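**Student:** Here you go, my_file.pdb (PDB, C-alpha atoms):
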ATOM      1  CA  MET A   1     142.672  89.059  65.009
ATOM      2  CA  LYS A   2     144.338  90.598  61.975
ATOM      3  CA  SER A   3     142.783  92.358  58.987
ATOM      4  CA  ILE A   4     143.381  92.274  55.244
ATOM      5  CA  VAL A   5     142.109  95.309  53.339
ATOM      6  CA  LEU A   6     141.704  94.922  49.576
ATOM      7  CA  ALA A   7     142.768  98.239  48.027
ATOM      8  CA  ALA A   8     144.561  97.376  44.782
ATOM      9  CA  GLY A   9     141.869  98.516  42.342
ATOM     10  CA  LYS A  10     142.156 101.283  39.775
ATOM     11  CA  GLY A  11     138.508 102.298  39.748
ATOM     12  CA  THR A  12     138.223 102.602  35.976
ATOM     13  CA  ARG A  13     134.801 104.236  36.012
ATOM     14  CA  LEU A  14     135.972 106.825  38.534
ATOM     15  CA  ALA A  15     139.164 107.507  36.557
ATOM     16  CA  GLN A  16     137.052 108.668  33.627
ATOM     17  CA  GLU A  17     136.756 111.952  35.509
ATOM     18  CA  GLY A  18     140.428 112.552  34.826
ATOM     19  CA  ILE A  19     141.542 111.942  38.423
ATOM     20  CA  ASP A  20     144.173 109.235  38.213
ATOM     21  CA  LEU A  21     144.251 107.813  41.747
ATOM     22  CA  PRO A  22     143.788 104.312  43.144
ATOM     23  CA  LYS A  23     140.093 103.855  43.868
ATOM     24  CA  ALA A  24     140.663 103.594  47.624
ATOM     25  CA  MET A  25     142.388 106.997  47.591
ATOM     26  CA  ARG A  26     139.500 108.912  46.057
ATOM     27  CA  LEU A  27     138.298 111.562  48.476
ATOM     28  CA  ALA A  28     134.943 111.694  50.243
ATOM     29  CA  LEU A  29     134.492 114.927  52.193
ATOM     30  CA  GLY A  30     138.211 115.562  51.765
ATOM     31  CA  LYS A  31     139.363 112.211  53.186
ATOM     32  CA  PRO A  32     140.431 109.043  51.310
ATOM     33  CA  LEU A  33     137.839 106.265  51.212
ATOM     34  CA  LEU A  34     140.481 103.961  52.690
ATOM     35  CA  SER A  35     140.816 106.189  55.768
ATOM     36  CA  TYR A  36     137.205 105.563  56.756
ATOM     37  CA  VAL A  37     137.725 101.805  56.433
ATOM     38  CA  LEU A  38     140.929 101.724  58.473
ATOM     39  CA  GLU A  39     139.405 103.858  61.232
ATOM     40  CA  ALA A  40     136.450 101.472  61.603
ATOM     41  CA  LEU A  41     138.449  98.234  61.732
ATOM     42  CA  PRO A  42     138.897  96.419  65.055
ATOM     43  CA  THR A  43     142.627  96.056  64.295
ATOM     44  CA  GLY A  44     145.350  98.688  64.390
ATOM     45  CA  PRO A  45     148.174  99.304  61.905
ATOM     46  CA  GLU A  46     150.379  96.620  63.435
ATOM     47  CA  ASP A  47     147.725  93.967  62.751
ATOM     48  CA  THR A  48     146.477  95.159  59.357
ATOM     49  CA  VAL A  49     147.767  94.349  55.860
ATOM     50  CA  ILE A  50     146.666  96.542  52.952
ATOM     51  CA  VAL A  51     146.748  94.921  49.511
ATOM     52  CA  VAL A  52     147.903  97.551  47.022
ATOM     53  CA  GLY A  53     148.360  97.517  43.268
ATOM     54  CA  TYR A  54     147.488 100.364  40.931
ATOM     55  CA  LYS A  55     149.511 103.501  41.781
ATOM     56  CA  LYS A  56     150.451 101.860  45.069
ATOM     57  CA  ASP A  57     152.795 104.696  46.089
ATOM     58  CA  TYR A  58     149.832 106.956  46.820
ATOM     59  CA  ILE A  59     148.606 104.492  49.442
ATOM     60  CA  THR A  60     151.958 103.524  50.953
ATOM     61  CA  ALA A  61     152.878 107.199  51.335
ATOM     62  CA  ALA A  62     149.543 108.089  52.963
ATOM     63  CA  PHE A  63     149.558 105.176  55.441
ATOM     64  CA  PRO A  64     153.243 104.438  56.168
ATOM     65  CA  GLN A  65     152.498 102.820  59.522
ATOM     66  CA  TYR A  66     150.716  99.873  57.841
ATOM     67  CA  ALA A  67     152.054  96.672  56.297
ATOM     68  CA  PHE A  68     151.458  96.141  52.579
ATOM     69  CA  ALA A  69     151.148  93.322  50.081
ATOM     70  CA  GLU A  70     151.260  93.950  46.339
ATOM     71  CA  GLN A  71     148.840  92.606  43.748
ATOM     72  CA  THR A  72     150.713  93.199  40.505
ATOM     73  CA  GLU A  73     147.907  91.876  38.295
ATOM     74  CA  GLN A  74     144.191  92.499  38.759
ATOM     75  CA  LEU A  75     143.015  88.883  38.828
ATOM     76  CA  GLY A  76     140.124  89.214  41.270
ATOM     77  CA  THR A  77     139.427  89.454  44.983
ATOM     78  CA  GLY A  78     140.540  85.882  45.626
ATOM     79  CA  HIS A  79     143.874  86.631  43.998
ATOM     80  CA  ALA A  80     144.211  89.779  46.130
ATOM     81  CA  ALA A  81     143.765  87.632  49.251
ATOM     82  CA  MET A  82     146.405  85.224  47.948
ATOM     83  CA  CYS A  83     148.827  88.143  47.619
ATOM     84  CA  ALA A  84     148.347  88.962  51.310
ATOM     85  CA  VAL A  85     149.193  85.459  52.552
ATOM     86  CA  PRO A  86     153.014  85.870  52.618
ATOM     87  CA  ALA A  87     152.689  89.112  54.603
ATOM     88  CA  LEU A  88     151.047  87.209  57.485
ATOM     89  CA  GLY A  89     153.727  84.540  57.596
ATOM     90  CA  ASP A  90     153.139  81.845  60.218
ATOM     91  CA  TYR A  91     150.186  83.591  61.885
ATOM     92  CA  THR A  92     147.665  81.020  63.128
ATOM     93  CA  GLY A  93     144.674  83.132  64.203
ATOM     94  CA  ASP A  94     141.680  84.627  62.423
ATOM     95  CA  VAL A  95     141.633  87.372  59.808
ATOM     96  CA  LEU A  96     138.966  89.861  58.827
ATOM     97  CA  ILE A  97     138.931  90.571  55.082
ATOM     98  CA  CYS A  98     137.275  93.756  53.836
ATOM     99  CA  CYS A  99     137.213  96.227  50.956
ATOM    100  CA  GLY A 100     139.026  99.556  50.878
ATOM    101  CA  ASP A 101     136.268 101.248  48.880
ATOM    102  CA  MET A 102     133.422 100.776  51.401
ATOM    103  CA  PRO A 103     133.679 103.809  53.705
ATOM    104  CA  LEU A 104     130.188 103.513  55.208
ATOM    105  CA  VAL A 105     130.714 100.239  57.096
ATOM    106  CA  GLN A 106     130.560 101.055  60.795
ATOM    107  CA  ALA A 107     132.961  99.921  63.509
ATOM    108  CA  GLU A 108     130.012  98.243  65.258
ATOM    109  CA  THR A 109     129.384  96.126  62.160
ATOM    110  CA  TYR A 110     132.956  94.861  61.961
ATOM    111  CA  ALA A 111     132.903  94.209  65.711
ATOM    112  CA  ALA A 112     129.617  92.247  65.500
ATOM    113  CA  LEU A 113     130.989  90.059  62.709
ATOM    114  CA  ALA A 114     134.238  89.406  64.576
ATOM    115  CA  ALA A 115     132.373  88.565  67.793
ATOM    116  CA  GLU A 116     129.976  86.135  66.090
ATOM    117  CA  HIS A 117     132.845  84.453  64.278
ATOM    118  CA  GLU A 118     134.891  84.052  67.448
ATOM    119  CA  GLN A 119     131.974  82.790  69.546
ATOM    120  CA  SER A 120     130.840  80.229  66.966
ATOM    121  CA  GLY A 121     134.240  78.687  66.389
ATOM    122  CA  ALA A 122     133.475  78.526  62.660
ATOM    123  CA  ALA A 123     136.240  78.306  60.096
ATOM    124  CA  CYS A 124     134.618  81.135  58.155
ATOM    125  CA  THR A 125     131.846  83.663  58.781
ATOM    126  CA  VAL A 126     130.426  85.642  55.872
ATOM    127  CA  LEU A 127     128.852  89.048  56.511
ATOM    128  CA  SER A 128     125.616  89.531  54.604
ATOM    129  CA  GLY A 129     123.143  92.365  54.551
ATOM    130  CA  VAL A 130     119.657  93.102  53.322
ATOM    131  CA  THR A 131     119.204  96.463  51.659
ATOM    132  CA  ASP A 132     116.792  98.296  49.396
ATOM    133  CA  GLU A 133     119.736  99.772  47.498
ATOM    134  CA  PRO A 134     119.947  98.401  43.908
ATOM    135  CA  LEU A 135     123.470  97.025  44.284
ATOM    136  CA  PRO A 136     125.068  94.533  41.861
ATOM    137  CA  PHE A 137     126.378  92.343  44.676
ATOM    138  CA  GLY A 138     126.562  88.572  44.967
ATOM    139  CA  ARG A 139     123.568  86.793  46.457
ATOM    140  CA  VAL A 140     123.886  84.583  49.534
ATOM    141  CA  LEU A 141     122.210  81.251  48.862
ATOM    142  CA  ARG A 142     121.005  79.200  51.813
ATOM    143  CA  ASP A 143     120.694  75.423  52.105
ATOM    144  CA  ALA A 144     117.553  73.531  53.154
ATOM    145  CA  SER A 145     118.298  74.119  56.841
ATOM    146  CA  GLY A 146     118.872  77.847  56.385
ATOM    147  CA  GLY A 147     122.632  77.595  56.626
ATOM    148  CA  PHE A 148     125.242  78.811  54.153
ATOM    149  CA  ASP A 149     125.157  77.134  50.751
ATOM    150  CA  ARG A 150     127.143  79.410  48.448
ATOM    151  CA  ILE A 151     127.496  82.926  47.044
ATOM    152  CA  VAL A 152     126.651  83.641  43.421
ATOM    153  CA  GLU A 153     128.117  86.813  41.934
ATOM    154  CA  ASP A 154     125.556  89.180  40.429
ATOM    155  CA  ARG A 155     126.801  88.696  36.875
ATOM    156  CA  ASP A 156     126.567  84.909  37.282
ATOM    157  CA  CYS A 157     123.063  84.913  38.820
ATOM    158  CA  THR A 158     120.046  83.347  37.156
ATOM    159  CA  PRO A 159     116.944  85.590  36.916
ATOM    160  CA  GLU A 160     115.514  83.751  39.943
ATOM    161  CA  GLN A 161     118.665  84.243  42.009
ATOM    162  CA  LYS A 162     118.688  87.976  41.204
ATOM    163  CA  LYS A 163     115.447  88.269  43.201
ATOM    164  CA  ILE A 164     117.267  87.279  46.413
ATOM    165  CA  ARG A 165     117.727  90.349  48.614
ATOM    166  CA  GLU A 166     120.352  88.953  51.013
ATOM    167  CA  LEU A 167     123.561  90.347  49.566
ATOM    168  CA  ASN A 168     127.161  89.387  50.142
ATOM    169  CA  SER A 169     128.994  92.350  51.686
ATOM    170  CA  GLY A 170     132.407  91.177  50.495
ATOM    171  CA  ILE A 171     133.484  91.123  54.154
ATOM    172  CA  LEU A 172     134.284  87.943  56.063
ATOM    173  CA  CYS A 173     136.215  86.476  58.974
ATOM    174  CA  VAL A 174     138.194  83.308  58.446
ATOM    175  CA  SER A 175     140.835  81.134  60.063
ATOM    176  CA  PHE A 176     144.051  82.260  58.396
ATOM    177  CA  PRO A 177     145.727  78.823  58.055
ATOM    178  CA  LYS A 178     142.529  77.342  56.593
ATOM    179  CA  MET A 179     142.142  80.316  54.291
ATOM    180  CA  ALA A 180     145.715  80.066  53.016
ATOM    181  CA  SER A 181     145.224  76.382  52.242
ATOM    182  CA  ALA A 182     141.803  76.785  50.592
ATOM    183  CA  LEU A 183     142.918  79.670  48.375
ATOM    184  CA  THR A 184     145.130  77.229  46.482
ATOM    185  CA  GLU A 185     141.945  75.587  45.149
ATOM    186  CA  LEU A 186     140.421  78.720  43.627
ATOM    187  CA  LYS A 187     139.521  78.482  39.941
ATOM    188  CA  THR A 188     138.642  81.096  37.299
ATOM    189  CA  ASP A 189     135.663  79.308  35.735
ATOM    190  CA  ASN A 190     133.253  82.257  35.975
ATOM    191  CA  ALA A 191     131.988  85.157  33.860
ATOM    192  CA  GLN A 192     134.982  87.369  34.672
ATOM    193  CA  HIS A 193     137.629  84.625  34.530
ATOM    194  CA  GLU A 194     138.900  85.863  37.884
ATOM    195  CA  TYR A 195     139.690  84.304  41.250
ATOM    196  CA  TYR A 196     136.628  85.085  43.361
ATOM    197  CA  LEU A 197     137.018  85.399  47.135
ATOM    198  CA  THR A 198     133.375  84.288  47.306
ATOM    199  CA  ASP A 199     134.503  80.768  46.365
ATOM    200  CA  LEU A 200     136.604  80.538  49.548
ATOM    201  CA  PRO A 201     133.737  79.673  51.951
ATOM    202  CA  VAL A 202     132.415  77.107  49.458
ATOM    203  CA  ILE A 203     135.782  75.374  49.356
ATOM    204  CA  LEU A 204     135.985  75.378  53.150
ATOM    205  CA  LYS A 205     132.474  73.933  53.402
ATOM    206  CA  SER A 206     133.382  71.200  50.902
ATOM    207  CA  ARG A 207     136.270  70.295  53.214
ATOM    208  CA  GLY A 208     133.831  69.747  56.064
ATOM    209  CA  GLU A 209     134.571  73.049  57.795
ATOM    210  CA  GLN A 210     131.838  75.081  59.474
ATOM    211  CA  VAL A 211     130.812  78.164  57.480
ATOM    212  CA  ARG A 212     128.328  80.614  58.985
ATOM    213  CA  VAL A 213     126.519  83.733  57.823
ATOM    214  CA  CYS A 214     126.307  86.828  60.006
ATOM    215  CA  SER A 215     123.322  88.701  58.623
ATOM    216  CA  LEU A 216     122.942  92.335  59.688
ATOM    217  CA  PRO A 217     120.616  95.159  58.579
ATOM    218  CA  MET A 218     123.335  97.056  56.734
ATOM    219  CA  GLU A 219     121.288  99.194  54.319
ATOM    220  CA  THR A 220     123.534 102.034  53.064
ATOM    221  CA  GLN A 221     126.635 100.548  54.715
ATOM    222  CA  LEU A 222     126.802  98.159  51.764
ATOM    223  CA  ILE A 223     127.403 100.940  49.261
ATOM    224  CA  GLY A 224     130.870 100.787  47.757
ATOM    225  CA  VAL A 225     132.325 103.444  45.491
ATOM    226  CA  ASN A 226     132.642 102.393  41.854
ATOM    227  CA  THR A 227     131.157 105.362  39.998
ATOM    228  CA  PRO A 228     131.028 109.154  40.343
ATOM    229  CA  ALA A 229     127.345 108.831  41.278
ATOM    230  CA  GLN A 230     128.171 106.426  44.131
ATOM    231  CA  LEU A 231     130.930 108.735  45.355
ATOM    232  CA  ALA A 232     128.436 111.607  45.476
ATOM    233  CA  GLN A 233     125.914 109.379  47.261
ATOM    234  CA  VAL A 234     128.506 108.308  49.854
ATOM    235  CA  GLU A 235     129.494 111.919  50.482
ATOM    236  CA  GLU A 236     125.873 112.857  51.038
ATOM    237  CA  ILE A 237     125.443 110.035  53.578
ATOM    238  CA  LEU A 238     128.697 110.900  55.370
ATOM    239  CA  ARG A 239     127.591 114.507  55.535
ATOM    240  CA  GLY A 240     124.595 113.197  57.481
TER
END
Show the structure stored in the file as structure tokens.

**Tutor:**
Amino acid sequence: MKSIVLAAGKGTRLAQEGIDLPKAMRLALGKPLLSYVLEALPTGPEDTVIVVGYKKDYITAAFPQYAFAEQTEQLGTGHAAMCAVPALGDYTGDVLICCGDMPLVQAETYAALAAEHEQSGAACTVLSGVTDEPLPFGRVLRDASGGFDRIVEDRDCTPEQKKIRELNSGILCVSFPKMASALTELKTDNAQHEYYLTDLPVILKSRGEQVRVCSLPMETQLIGVNTPAQLAQVEEILRG
């Protein structure tokens, strides 16, 4: 397996503090958020691609042993994944895609997702979690049989959909060749006019591919860092 880590974001709300770093390089207990993510992944530097963008030199200098792909425009998570495709060349296995600003996700969680994906033989496995945290994450919608239907981003949810507590973690495993092909179908017809990675499993399902959901009790692991308050909360949790 290989991993793609999305770490191109600026973190506008964090930058209001006057610290002009890429979001993934903000420090929690003296260590970059991205460090926690990389340490928990089941892949090492030789099998991991970090997607960089804003102030990329901070990241490439801190993690020189990794491969990088550049997202020159911030056009969404789906676009970030597109930017990583050339870096993986003719690779034909599975990839784990995750976020560089989620330092609380445990190694056991990534491992459980990867194991379920591999054992099922699915084209794509989405990691979901139920939490009491009030997070503005996409909701995982199920079909009549309880299987994956689609993911609706928080800002696109109806009032009824907002009541769903099964949240999309933003983390998934997917067959790389099938991912690379399906990404070409992404559209920007949503509230943000961005390419959403959450549309990828829907496209694969529409092609007749098997898409599964790995649902784990993630609780605080789902917290990403977008605001100074979340950074303080993450530090408190890491402090234990």

**Student:** Listed atoms of range 114-120 of chain A, axis-aligned box, 6 Å per side: centre and edge lengths to one decimal in Å, as AutoDock Vina command-line options?

**Tutor:**
--center_x 132.4 --center_y 84.8 --center_z 66.9 --size_x 16.9 --size_y 21.2 --size_z 17.3

**Student:** Quick one: residues within 9 Å of (148.5, 108.0, 40.5) (file frame), counting all atoms listed in the file, please, as a list in words.

**Tutor:** Ile19, Asp20, Leu21, Pro22, Tyr54, Lys55, Lys56, Asp57 and Tyr58 of chain A

**Student:** I need the residue nearest Gly93 in chain A from this list: A:Ile59, A:Met179, A:Met25, A:Val5. Use all atoms listed in the file for the distance.

**Tutor:**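 Residue with the minimum atom-to-atom distance to Gly93 in chain A: A:Met179.
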
**Student:** Between CA of Asp156 in chain A and CA of Asn190 in chain A, what distance in Å does the model show, to one decimal?

**Tutor:**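 Going from CA of Asp156 in chain A over to CA of Asn190 in chain A, I get 7.3 Å.
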
**Student:** How close does range 9-102 of chain A get to range 227-239 of chain A? List, as JSON lines, each residue of range 9-102 of chain A within 10 Å, its nearest atom pair and the distance in Å to one decimal, counting only C-alpha atoms.

**Tutor:**
{"residue": "A:Gly11", "atom": "CA", "partner": "A:Thr227", "partner_atom": "CA", "distance": 8.0}
{"residue": "A:Thr12", "atom": "CA", "partner": "A:Thr227", "partner_atom": "CA", "distance": 8.6}
{"residue": "A:Arg13", "atom": "CA", "partner": "A:Thr227", "partner_atom": "CA", "distance": 5.5}
{"residue": "A:Leu14", "atom": "CA", "partner": "A:Thr227", "partner_atom": "CA", "distance": 5.2}
{"residue": "A:Ala15", "atom": "CA", "partner": "A:Thr227", "partner_atom": "CA", "distance": 9.0}
{"residue": "A:Gln16", "atom": "CA", "partner": "A:Pro228", "partner_atom": "CA", "distance": 9.0}
{"residue": "A:Glu17", "atom": "CA", "partner": "A:Pro228", "partner_atom": "CA", "distance": 8.0}
{"residue": "A:Lys23", "atom": "CA", "partner": "A:Thr227", "partner_atom": "CA", "distance": 9.9}
{"residue": "A:Arg26", "atom": "CA", "partner": "A:Leu231", "partner_atom": "CA", "distance": 8.6}
{"residue": "A:Leu27", "atom": "CA", "partner": "A:Leu231", "partner_atom": "CA", "distance": 8.5}
{"residue": "A:Ala28", "atom": "CA", "partner": "A:Glu235", "partner_atom": "CA", "distance": 5.5}
{"residue": "A:Leu29", "atom": "CA", "partner": "A:Glu235", "partner_atom": "CA", "distance": 6.1}
{"residue": "A:Gly30", "atom": "CA", "partner": "A:Glu235", "partner_atom": "CA", "distance": 9.5}
{"residue": "A:Leu33", "atom": "CA", "partner": "A:Leu231", "partner_atom": "CA", "distance": 9.4}
{"residue": "A:Asp101", "atom": "CA", "partner": "A:Leu231", "partner_atom": "CA", "distance": 9.8}
{"residue": "A:Met102", "atom": "CA", "partner": "A:Val234", "partner_atom": "CA", "distance": 9.1}

**Student:** Expanded to explicit residues, what is the PyMOL selection byres ((chain A and resi 117) around 10) for this file, as number ranges by chain?

**Tutor:** A: 94, 96, 111-116, 118-127, 172-175, 211-214

**Student:** For a quick check of understanding, using all atoms listed in the file, which of A:Cys99, A:Val85, A:Gly44, A:Lys2 has the smallest distance to Thr184 in chain A?

**Tutor:**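 Of A:Cys99, A:Val85, A:Gly44, A:Lys2, the one nearest Thr184 in chain A, counting all atoms listed in the file, is A:Val85.
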
**Student:** Go through A:Ala69, A:Leu135, A:Ala81, A:Ala62 and flag the residue nearest Val225 in chain A, using all atoms listed in the file for the distances.

**Tutor:**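 With all atoms listed in the file as the atom set, the closest residue is A:Leu135.
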
**Student:** Which residue, A:Leu167, A:Ile4, A:Leu34, A:Cys157, has the smallest gap to Ile97 in chain A when you use only C-alpha atoms?

**Tutor:**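 Smallest separation from Ile97 in chain A among the options: A:Ile4.
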
**Student:** Could you check the closest approach to Val52 in chain A for each of A:Val105, A:Ile164, A:Ala191, A:Ala24 and tell me which residue wins, using only C-alpha atoms?

**Tutor:** A:Ala24

**Student:** Applied to this file, what does the PyMOL selection byres ((chain A and resi 72) around 12) return in terms of residues, put as a PDB file with C-alpha atoms, in the frame of the given file?

**Tutor:**
ATOM      1  CA  ALA A   8     144.561  97.376  44.782  1.00  0.00           C
ATOM      2  CA  GLY A   9     141.869  98.516  42.342  1.00  0.00           C
ATOM      3  CA  LYS A  10     142.156 101.283  39.775  1.00  0.00           C
ATOM      4  CA  VAL A  51     146.748  94.921  49.511  1.00  0.00           C
ATOM      5  CA  VAL A  52     147.903  97.551  47.022  1.00  0.00           C
ATOM      6  CA  GLY A  53     148.360  97.517  43.268  1.00  0.00           C
ATOM      7  CA  TYR A  54     147.488 100.364  40.931  1.00  0.00           C
ATOM      8  CA  LYS A  55     149.511 103.501  41.781  1.00  0.00           C
ATOM      9  CA  LYS A  56     150.451 101.860  45.069  1.00  0.00           C
ATOM     10  CA  ALA A  69     151.148  93.322  50.081  1.00  0.00           C
ATOM     11  CA  GLU A  70     151.260  93.950  46.339  1.00  0.00           C
ATOM     12  CA  GLN A  71     148.840  92.606  43.748  1.00  0.00           C
ATOM     13  CA  GLU A  73     147.907  91.876  38.295  1.00  0.00           C
ATOM     14  CA  GLN A  74     144.191  92.499  38.759  1.00  0.00           C
ATOM     15  CA  LEU A  75     143.015  88.883  38.828  1.00  0.00           C
ATOM     16  CA  GLY A  76     140.124  89.214  41.270  1.00  0.00           C
ATOM     17  CA  HIS A  79     143.874  86.631  43.998  1.00  0.00           C
ATOM     18  CA  ALA A  80     144.211  89.779  46.130  1.00  0.00           C
ATOM     19  CA  MET A  82     146.405  85.224  47.948  1.00  0.00           C
ATOM     20  CA  CYS A  83     148.827  88.143  47.619  1.00  0.00           C
ATOM     21  CA  ALA A  84     148.347  88.962  51.310  1.00  0.00           C
TER      22      ALA A  84
END

**Student:** What does the structure give for the distance between CA of Asp47 in chain A and CA of Thr220 in chain A, in Å to one decimal?

**Tutor:** 27.3 Å

**Student:** Using all atoms listed in the file, find the one residue out of A:Leu183, A:Ile151, A:Asp132, A:Ile50 that sits nearest to Leu6 in chain A.

**Tutor:**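 Closest to Leu6 in chain A of all the choices is A:Ile50.
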
**Student:** Specify as an MDAnalysis selection string each residue included when the PyMOL selection byres ((chain A and resi 206) around 12) is applied to this file.

**Tutor:** chainID A and resid 123 148:150 182 185 199:205 207:211

**Student:** Output C-alpha atoms for every residue in that selection, as an mmCIF file, in the frame of the given file.

**Tutor:**
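Contents of selection.cif, freshly written:
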data_model
loop_
_atom_site.group_PDB
_atom_site.id
_atom_site.type_symbol
_atom_site.label_atom_id
_atom_site.label_comp_id
_atom_site.auth_asym_id
_atom_site.auth_seq_id
_atom_site.Cartn_x
_atom_site.Cartn_y
_atom_site.Cartn_z
ATOM 1 C CA ALA A 123 136.240 78.306 60.096
ATOM 2 C CA PHE A 148 125.242 78.811 54.153
ATOM 3 C CA ASP A 149 125.157 77.134 50.751
ATOM 4 C CA ARG A 150 127.143 79.410 48.448
ATOM 5 C CA ALA A 182 141.803 76.785 50.592
ATOM 6 C CA GLU A 185 141.945 75.587 45.149
ATOM 7 C CA ASP A 199 134.503 80.768 46.365
ATOM 8 C CA LEU A 200 136.604 80.538 49.548
ATOM 9 C CA PRO A 201 133.737 79.673 51.951
ATOM 10 C CA VAL A 202 132.415 77.107 49.458
ATOM 11 C CA ILE A 203 135.782 75.374 49.356
ATOM 12 C CA LEU A 204 135.985 75.378 53.150
ATOM 13 C CA LYS A 205 132.474 73.933 53.402
ATOM 14 C CA ARG A 207 136.270 70.295 53.214
ATOM 15 C CA GLY A 208 133.831 69.747 56.064
ATOM 16 C CA GLU A 209 134.571 73.049 57.795
ATOM 17 C CA GLN A 210 131.838 75.081 59.474
ATOM 18 C CA VAL A 211 130.812 78.164 57.480
#

**Student:** List the neighbours of Ser128 in chain A out to 6 Å using only C-alpha atoms; skip same-chain residues closer than 4 positions along the sequence, and give me the result as a list in words.

**Tutor:** Leu167, Asn168, Ser169 and Ser215 of chain A

**Student:** Export C-alpha atoms of the chosen residues as a short mmCIF file (atom, residue, chain, number, x, y, z; two decimals), in the frame of the given file?

**Tutor:**
data_model
loop_
_atom_site.label_atom_id
_atom_site.label_comp_id
_atom_site.auth_asym_id
_atom_site.auth_seq_id
_atom_site.Cartn_x
_atom_site.Cartn_y
_atom_site.Cartn_z
CA LEU A 167 123.56 90.35 49.57
CA ASN A 168 127.16 89.39 50.14
CA SER A 169 128.99 92.35 51.69
CA SER A 215 123.32 88.70 58.62
#

**Student:** Rounded to one decimal, what separation in Å do you get between CA of Pro217 in chain A and CA of Pro103 in chain A?

**Tutor:**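 Interatomic distance, CA of Pro217 in chain A to CA of Pro103 in chain A: 16.4 Å.
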
**Student:** Neighbourhood query: residues within 10 Å of (118.1, 96.4, 52.4), file coordinates, counting only C-alpha atoms; return as JSON, numbers by chain.

**Tutor:** {"A": [129, 130, 131, 132, 133, 134, 135, 165, 166, 167, 216, 217, 218, 219, 220, 221, 222]}

**Student:** Convert the current residue selection to file output with C-alpha atoms, as an mmCIF file, keeping the file's coordinate frame.

**Tutor:**
data_model
loop_
_atom_site.group_PDB
_atom_site.id
_atom_site.type_symbol
_atom_site.label_atom_id
_atom_site.label_comp_id
_atom_site.auth_asym_id
_atom_site.auth_seq_id
_atom_site.Cartn_x
_atom_site.Cartn_y
_atom_site.Cartn_z
ATOM 1 C CA GLY A 129 123.143 92.365 54.551
ATOM 2 C CA VAL A 130 119.657 93.102 53.322
ATOM 3 C CA THR A 131 119.204 96.463 51.659
ATOM 4 C CA ASP A 132 116.792 98.296 49.396
ATOM 5 C CA GLU A 133 119.736 99.772 47.498
ATOM 6 C CA PRO A 134 119.947 98.401 43.908
ATOM 7 C CA LEU A 135 123.470 97.025 44.284
ATOM 8 C CA ARG A 165 117.727 90.349 48.614
ATOM 9 C CA GLU A 166 120.352 88.953 51.013
ATOM 10 C CA LEU A 167 123.561 90.347 49.566
ATOM 11 C CA LEU A 216 122.942 92.335 59.688
ATOM 12 C CA PRO A 217 120.616 95.159 58.579
ATOM 13 C CA MET A 218 123.335 97.056 56.734
ATOM 14 C CA GLU A 219 121.288 99.194 54.319
ATOM 15 C CA THR A 220 123.534 102.034 53.064
ATOM 16 C CA GLN A 221 126.635 100.548 54.715
ATOM 17 C CA LEU A 222 126.802 98.159 51.764
#

**Student:** How would range 97-108 of chain A read, as a PDB file, in the coordinates of the input, once N, CA and C atoms are built in?

**Tutor:**
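Okay, this is what ended up in rebuild-v5.pdb:
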ATOM      1  N   ILE A  97     138.628  90.085  56.425  1.00  0.00           N
ATOM      2  CA  ILE A  97     138.931  90.571  55.082  1.00  0.00           C
ATOM      3  C   ILE A  97     137.847  91.557  54.674  1.00  0.00           C
ATOM      4  N   CYS A  98     138.259  92.732  54.220  1.00  0.00           N
ATOM      5  CA  CYS A  98     137.275  93.756  53.836  1.00  0.00           C
ATOM      6  C   CYS A  98     137.769  94.535  52.629  1.00  0.00           C
ATOM      7  N   CYS A  99     136.947  95.473  52.182  1.00  0.00           N
ATOM      8  CA  CYS A  99     137.213  96.227  50.956  1.00  0.00           C
ATOM      9  C   CYS A  99     137.562  97.678  51.275  1.00  0.00           C
ATOM     10  N   GLY A 100     138.569  98.192  50.610  1.00  0.00           N
ATOM     11  CA  GLY A 100     139.026  99.556  50.878  1.00  0.00           C
ATOM     12  C   GLY A 100     138.173 100.642  50.272  1.00  0.00           C
ATOM     13  N   ASP A 101     137.123 100.245  49.522  1.00  0.00           N
ATOM     14  CA  ASP A 101     136.268 101.248  48.880  1.00  0.00           C
ATOM     15  C   ASP A 101     134.860 101.270  49.477  1.00  0.00           C
ATOM     16  N   MET A 102     134.720 100.788  50.724  1.00  0.00           N
ATOM     17  CA  MET A 102     133.422 100.776  51.401  1.00  0.00           C
ATOM     18  C   MET A 102     133.500 101.604  52.683  1.00  0.00           C
ATOM     19  N   PRO A 103     133.451 102.927  52.551  1.00  0.00           N
ATOM     20  CA  PRO A 103     133.679 103.809  53.705  1.00  0.00           C
ATOM     21  C   PRO A 103     132.523 103.919  54.674  1.00  0.00           C
ATOM     22  N   LEU A 104     131.365 103.348  54.345  1.00  0.00           N
ATOM     23  CA  LEU A 104     130.188 103.513  55.208  1.00  0.00           C
ATOM     24  C   LEU A 104     130.030 102.392  56.234  1.00  0.00           C
ATOM     25  N   VAL A 105     130.827 101.337  56.132  1.00  0.00           N
ATOM     26  CA  VAL A 105     130.714 100.239  57.096  1.00  0.00           C
ATOM     27  C   VAL A 105     131.167 100.731  58.470  1.00  0.00           C
ATOM     28  N   GLN A 106     130.312 100.530  59.451  1.00  0.00           N
ATOM     29  CA  GLN A 106     130.560 101.055  60.795  1.00  0.00           C
ATOM     30  C   GLN A 106     131.440 100.120  61.626  1.00  0.00           C
ATOM     31  N   ALA A 107     132.122 100.707  62.600  1.00  0.00           N
ATOM     32  CA  ALA A 107     132.961  99.921  63.509  1.00  0.00           C
ATOM     33  C   ALA A 107     132.133  98.852  64.220  1.00  0.00           C
ATOM     34  N   GLU A 108     130.892  99.199  64.564  1.00  0.00           N
ATOM     35  CA  GLU A 108     130.012  98.243  65.258  1.00  0.00           C
ATOM     36  C   GLU A 108     129.716  97.024  64.381  1.00  0.00           C
TER      37      GLU A 108
END
